[in-house]
Structures are given as structure tokens and as C-alpha cells.
Amino acid sequence: MNTDIVISLALAGASLGVIEGIKPGPLLTMVIRETLSGGLRAGLWTAAAPIFTDGPLIIISLLAAAFLAEHQSLLFVVTLAGAAFLAHMGIECFSLDPPNIDQHYPTPTGSFLRGIATNLLNPNVYVFWFLIGGPLMASAVRQEFFAPIAYAVTFLITIMLTKAMIAYAFHRASGQISPRTYRGILALCGVAMLCFSAKFVWDGYNMGTTLF
């Protein structure tokens, strides 16, 4: 086993999991709302939604990674598309507002199912796995079979833990987390996203030199 590649992909998965866990979106808003209206347990159940919504997408992405690894021209296109998407998300982090917990949501029953529904209806979940997860896993699958699995597992664990920690923080602070602190964390996430985007561009450049 090539442990260097496995560790590298695992760290990438953990980093992106933290970023996606903090980044405002429908699921995070639901996590916070459920925590404030239904208690910590409701928030934690909602935070666990990705294990069921992202799981099937991970399996498809793993299969797609093997296919992309054999079709370098297609991988080149997907890599550049992933770089553009990462750059867009990174820049967006500097202008996002903290989640709006005053939006209307149903009463706090069925938190887990509501979290699953929220994530399934979020198009960014699908874009993320096919434009970011796919190229990352395809770049390593030919060298080490377990590397893509390490990426997928660490991503899922860290995104759920991050959202669970946010739920706990809001439970303890009763929603009084400073918007300035939240924006500062988002800015750090934006920088990290731009770094990942730059890596994708570099990988695309290296592929392009061999293809063209």
C-alpha cells in the first residue's frame, strides 16, 4: 500500500469536509434551526444526513473515478471544471452571510428525515462529488486503490463532525455566535478553497502538456 497517497487523499477529504461543514447552505441552516428549536439531539440527527445522502454518490463517484483514470482527455475537462467550481465557492466564502435561522421551518419533528430531504434537494452536493471528488479520486486510483476510499470516508466523517460541532456550539451559546467570528472562519475556508482550485489548475496543466 502506498501510504503517502492514502494519507494525502485522506487529508484532502478531511480539509474539504471541514470547509463544506462550515460553509452556509441549506443543510447547515437546517442543522442550526433544528438545534435551536428541537434541542441538541435534533441538531445532531440532522447533521448525520450526509451519511445517507452522499453515500450513493460516493459509490458512483468511485466508479466514475476508475473510468476517468482511463480517459485522460475527459479527466482534463472535468478537472478544469472542478477548479472553476472550487474557485467560485472560494470567492463566495468572502461574501456569504451566516445562516439565517429566522427562516420558517416546520416544527422540530423528524429532524433526520428533514435533513436528508434538504441535502438531496441541494444541487451543490451532486456538483461537488462529480466535479471535485471525481478528479481527486481519479488522480490516485491508478496508483493506490484505497486512496479514493480514504478520501471519501474522511470527507464524510469530517463534514458530519463539523456540523455536529456547530450544532453543539449553537446549543451551548443559544445562537449567540458572533457574525464577525463566523465570517472570519468563512474567509479561511475561502482561502483553502482557492488553494484547492489552484492545485486542480496545476493538475490540469500537467495533464494538458501530455495530451496536447
# chains A, B, ... in the order shown; residues from 1 in each chain; ligands from 1
call {"tool": "closest_atom_pairs", "arguments": {"of": "region 146-200 of chain A", "to": "region 44-47 of chain A", "cutoff": "8 Å", "atoms": "only C-alpha atoms", "output": "CSV"}}
result
residue,atom,partner,partner_atom,distance
A:Met160,CA,A:Ala47,CA,5.6
A:Leu161,CA,A:Ala47,CA,7.9
A:Lys163,CA,A:Ala47,CA,5.5
A:Ala164,CA,A:Leu44,CA,5.4
A:Ala167,CA,A:Leu44,CA,6.7
call {"tool": "residues_around", "arguments": {"residues": "Leu211 (chain A)", "least_positions_apart": "4", "cutoff": "10 Å", "atoms": "only C-alpha atoms", "output": "PDB file with N, CA and C atoms, in the first residue's frame"}}
result
ATOM      1  N   GLN A  72      -8.071  10.176 -20.083  1.00  0.00           N
ATOM      2  CA  GLN A  72      -7.386  11.370 -19.608  1.00  0.00           C
ATOM      3  C   GLN A  72      -7.947  12.668 -20.194  1.00  0.00           C
ATOM      4  N   SER A  73      -8.419  12.645 -21.433  1.00  0.00           N
ATOM      5  CA  SER A  73      -8.955  13.868 -22.027  1.00  0.00           C
ATOM      6  C   SER A  73     -10.225  14.312 -21.298  1.00  0.00           C
ATOM      7  N   PHE A  76      -9.247  15.662 -17.937  1.00  0.00           N
ATOM      8  CA  PHE A  76      -8.719  17.022 -18.103  1.00  0.00           C
ATOM      9  C   PHE A  76      -9.854  18.049 -18.049  1.00  0.00           C
ATOM     10  N   TYR A 205      -2.982  21.487 -15.925  1.00  0.00           N
ATOM     11  CA  TYR A 205      -1.862  21.926 -16.770  1.00  0.00           C
ATOM     12  C   TYR A 205      -0.927  20.756 -17.078  1.00  0.00           C
ATOM     13  N   ASN A 206      -0.626  19.970 -16.051  1.00  0.00           N
ATOM     14  CA  ASN A 206       0.258  18.813 -16.257  1.00  0.00           C
ATOM     15  C   ASN A 206      -0.375  17.792 -17.202  1.00  0.00           C
ATOM     16  N   MET A 207      -1.705  17.590 -17.069  1.00  0.00           N
ATOM     17  CA  MET A 207      -2.385  16.678 -17.985  1.00  0.00           C
ATOM     18  C   MET A 207      -2.377  17.227 -19.408  1.00  0.00           C
TER      19      MET A 207
END
call {"tool": "residues_around", "arguments": {"residues": "Ser95 (chain A)", "least_positions_apart": "4", "cutoff": "12 Å", "atoms": "only C-alpha atoms", "output": "ChimeraX atom specification"}}
result
/A:23-24,88-91,182-184,186-187,189-190
call {"tool": "residues_around", "arguments": {"residues": "Phe112 (chain A)", "least_positions_apart": "4", "cutoff": "12 Å", "atoms": "only C-alpha atoms", "output": "list in words"}}
result
Leu27, Met30, Val31, Glu34, Thr35, Gly38, Arg41, Ala42, Gly43, Leu44, Trp45, Thr46, Ala47, Ala48, Ala49, Pro50, Ile51, Phe52, Thr53, Pro108, Ile116, Ala117, Thr118 and Asn119 of chain A
call {"tool": "closest_residue", "arguments": {"among": "A:Ala84, A:Gly134, A:Ala69, A:Asp97", "to": "Thr181 (chain A)", "atoms": "only C-alpha atoms"}}
result
A:Asp97
call {"tool": "closest_residue", "arguments": {"among": "A:Asn2, A:Thr79, A:Ser111, A:Ser61", "to": "Phe200 (chain A)", "atoms": "only C-alpha atoms"}}
result
A:Thr79
call {"tool": "closest_residue", "arguments": {"among": "A:Trp129, A:Met165, A:Ala192, A:Val77", "to": "Pro148 (chain A)", "atoms": "only C-alpha atoms"}}
result
A:Trp129
